[in-house]
Amino acid sequence: MSLPRSEGSLVRHDLPELLHRLSQLEWTGVLTLTRGGFTAGVKVLDGRLVFASSTDPDDRLGTLLLRKGKVTLRQIAAALEALRPPKRLGTVLVEQGVLQPEELIRAVTEHSSEIIYSTFQWVEGTYRMEHGVPEESITLKLSTPDIIMEGIRRIASWARIERAVGGVGARYRRRDDYEKLVSRMKLSFERLSMLTSLHGERTAQGICDESSLSNFETFQCLWAFRVIGVLERVDPVDSEPTLDDEGLDLVLGGG
């Protein structure tokens, strides 16, 4: 398996697929995603997503802490006034006694994961890969398959989900080595049951009929499980799913 092109369009390259490929290849470097003048940088170490940052003001650590009620506007202003490179805002907040070290660790990890999850919503933009060893003192401990699972769970576009799955008639089967793959994941009972109860080939509709999840959630899981590699599609596929938010909605009758 070869590396993806070092740069490309997110319209043509599915972000979940790209992240899975980097995980399989145990790639190390920085994946830079750009859309509408904003940039998200995802640091990858041996295929694991360990840190993320963003130039979007709404994605700043201070904004997250303010939104969570962990800091006040006065505390943020005082920390920014005392901020001097190469120190970061979180470090200053700890030094000023606003946050405890363990609170900073939780905030930074949540901050990174939320930035990554937000990029799953992107249906346009570009990516660029730069090899190198990222250095961060606080890193994510989530597996890449778990991040892909949660990122797709947050996608609300039915047209995009339906196209990625292939419609209600798309046929799937469980991979023989699925247990090895899911052993490294933190799956809910309902999502794990989708896999363990699947025997032979089934249509997406048939899987929905047997799943305890809603049909919408089941389709999200089918997409994520296909990307991660625990399920495989077995019917002929005319073309690879695209990332635009258009397309035929076979279930709802859109066109």
# chains A, B, ... in the order shown; residues from 1 in each chain; ligands from 1
>>> select_by_dssp(residues="region 8-221 of chain A", states="strand (DSSP E)", output="number ranges by chain")
A: 8-9, 29-35, 38-45, 48-54, 126-131, 171-174, 202-203
>>> write_last_selection(atoms="N, CA and C atoms", output="CSV table (one decimal), in the first residue's frame")
chain,number,residue,atom,x,y,z
A,8,GLY,N,-3.9,17.4,-2.1
A,8,GLY,CA,-5.0,17.1,-3.0
A,8,GLY,C,-6.2,17.8,-2.5
A,9,SER,N,-7.4,17.5,-3.1
A,9,SER,CA,-8.7,18.1,-2.8
A,9,SER,C,-9.5,17.2,-1.9
A,29,GLY,N,3.8,12.7,10.7
A,29,GLY,CA,4.0,14.0,10.1
A,29,GLY,C,2.8,14.9,10.4
A,30,VAL,N,2.6,15.9,9.6
A,30,VAL,CA,1.5,16.9,9.9
A,30,VAL,C,0.6,16.9,8.6
A,31,LEU,N,-0.7,16.7,8.9
A,31,LEU,CA,-1.7,16.8,7.9
A,31,LEU,C,-2.4,18.1,8.0
A,32,THR,N,-2.2,19.0,7.0
A,32,THR,CA,-2.8,20.3,7.0
A,32,THR,C,-4.0,20.4,6.2
A,33,LEU,N,-5.1,20.8,6.7
A,33,LEU,CA,-6.4,20.9,6.0
A,33,LEU,C,-6.8,22.3,5.9
A,34,THR,N,-7.2,22.8,4.7
A,34,THR,CA,-7.5,24.2,4.5
A,34,THR,C,-8.8,24.3,3.8
A,35,ARG,N,-9.6,25.2,4.4
A,35,ARG,CA,-10.9,25.5,3.8
A,35,ARG,C,-11.4,26.9,4.2
A,38,PHE,N,-9.4,29.2,6.5
A,38,PHE,CA,-9.0,28.6,7.8
A,38,PHE,C,-8.2,27.3,7.6
A,39,THR,N,-7.3,27.1,8.5
A,39,THR,CA,-6.4,25.9,8.4
A,39,THR,C,-6.5,25.1,9.7
A,40,ALA,N,-6.6,23.8,9.6
A,40,ALA,CA,-6.5,22.9,10.7
A,40,ALA,C,-5.3,22.0,10.5
A,41,GLY,N,-4.4,21.9,11.5
A,41,GLY,CA,-3.2,21.1,11.4
A,41,GLY,C,-3.3,19.9,12.3
A,42,VAL,N,-3.2,18.7,11.8
A,42,VAL,CA,-3.4,17.5,12.6
A,42,VAL,C,-2.0,16.8,12.6
A,43,LYS,N,-1.5,16.6,13.8
A,43,LYS,CA,-0.2,16.0,13.9
A,43,LYS,C,-0.4,14.5,14.1
A,44,VAL,N,0.4,13.7,13.3
A,44,VAL,CA,0.2,12.2,13.3
A,44,VAL,C,1.5,11.6,13.7
A,45,LEU,N,1.4,10.6,14.6
A,45,LEU,CA,2.6,9.9,15.0
A,45,LEU,C,2.4,8.4,14.9
A,48,ARG,N,-1.2,7.5,14.4
A,48,ARG,CA,-2.2,7.9,15.4
A,48,ARG,C,-2.3,9.5,15.4
A,49,LEU,N,-3.5,10.0,15.5
A,49,LEU,CA,-3.7,11.4,15.5
A,49,LEU,C,-3.5,11.9,16.9
A,50,VAL,N,-2.4,12.7,17.2
A,50,VAL,CA,-2.0,13.0,18.5
A,50,VAL,C,-2.3,14.4,19.0
A,51,PHE,N,-2.5,15.3,18.0
A,51,PHE,CA,-2.7,16.7,18.4
A,51,PHE,C,-3.3,17.4,17.2
A,52,ALA,N,-4.0,18.5,17.5
A,52,ALA,CA,-4.6,19.3,16.4
A,52,ALA,C,-4.7,20.8,16.8
A,53,SER,N,-4.6,21.6,15.9
A,53,SER,CA,-4.7,23.1,16.1
A,53,SER,C,-5.5,23.7,14.9
A,54,SER,N,-6.0,24.9,15.1
A,54,SER,CA,-6.8,25.5,14.1
A,54,SER,C,-6.6,27.0,14.1
A,126,THR,N,-8.7,21.6,0.8
A,126,THR,CA,-7.5,20.9,0.4
A,126,THR,C,-6.8,20.3,1.6
A,127,TYR,N,-6.0,19.3,1.3
A,127,TYR,CA,-5.1,18.7,2.3
A,127,TYR,C,-3.7,18.8,1.8
A,128,ARG,N,-2.7,18.8,2.8
A,128,ARG,CA,-1.3,18.7,2.4
A,128,ARG,C,-0.6,17.9,3.5
A,129,MET,N,0.2,17.0,3.1
A,129,MET,CA,1.0,16.1,4.0
A,129,MET,C,2.4,16.5,4.0
A,130,GLU,N,3.0,16.6,5.2
A,130,GLU,CA,4.4,17.0,5.4
A,130,GLU,C,5.0,16.0,6.4
A,131,HIS,N,6.0,15.2,6.0
A,131,HIS,CA,6.6,14.2,6.8
A,131,HIS,C,7.5,14.9,7.9
A,171,ARG,N,-24.6,-4.4,-0.7
A,171,ARG,CA,-24.4,-5.6,0.1
A,171,ARG,C,-23.1,-5.6,0.8
A,172,TYR,N,-23.1,-6.0,2.1
A,172,TYR,CA,-22.0,-6.0,2.9
A,172,TYR,C,-21.8,-7.4,3.6
A,173,ARG,N,-20.5,-7.6,3.9
A,173,ARG,CA,-20.2,-8.8,4.8
A,173,ARG,C,-19.1,-8.4,5.7
A,174,ARG,N,-19.0,-9.2,6.8
A,174,ARG,CA,-18.0,-9.0,7.8
A,174,ARG,C,-16.7,-9.5,7.4
A,202,ARG,N,-25.4,-9.3,3.6
A,202,ARG,CA,-26.7,-8.7,3.8
A,202,ARG,C,-26.7,-7.3,3.2
A,203,THR,N,-27.9,-6.9,2.8
A,203,THR,CA,-28.1,-5.6,2.2
A,203,THR,C,-28.0,-4.6,3.4
>>> select_by_dssp(residues="region 133-213 of chain A", states="alpha helix (DSSP H)", output="NGL selection string")
:A and (144-153 or 158-165 or 178-182 or 189-196 or 204-210)
>>> residues_around(residues="region 104-121 of chain A", least_positions_apart="4", cutoff="9 Å", atoms="only C-alpha atoms", output="NGL selection string")
:A and (15-16 or 33 or 40-42 or 49-54 or 59-61 or 64-65 or 90-91 or 93-94 or 99-100 or 138-142 or 147-148 or 150-152 or 154-157)
>>> residues_around(residues="Val165 (chain A)", least_positions_apart="6", cutoff="9 Å", atoms="only C-alpha atoms", output="list in words")
Ala204, Phe219, Gln220, Leu222, Trp223, Arg226, Arg233 and Pro241 of chain A
>>> write_last_selection(atoms="C-alpha atoms", output="mmCIF file, in the first residue's frame")
data_model
loop_
_atom_site.group_PDB
_atom_site.id
_atom_site.type_symbol
_atom_site.label_atom_id
_atom_site.label_comp_id
_atom_site.auth_asym_id
_atom_site.auth_seq_id
_atom_site.Cartn_x
_atom_site.Cartn_y
_atom_site.Cartn_z
ATOM 1 C CA ALA A 204 -27.824 -2.281 4.016
ATOM 2 C CA PHE A 219 -25.903 3.818 7.979
ATOM 3 C CA GLN A 220 -23.314 5.934 9.800
ATOM 4 C CA LEU A 222 -21.849 0.976 7.940
ATOM 5 C CA TRP A 223 -19.825 3.835 6.483
ATOM 6 C CA ARG A 226 -16.325 0.023 5.773
ATOM 7 C CA ARG A 233 -18.916 -4.111 0.284
ATOM 8 C CA PRO A 241 -18.163 7.621 -3.281
#
>>> atom_distance(atom1="CA of Pro4 (chain A)", atom2="CA of Glu26 (chain A)")
12.8 Å
>>> closest_residue(among="A:Asp209, A:Glu17, A:Glu232, A:Glu135", to="Asp176 (chain A)", atoms="only C-alpha atoms")
A:Glu232
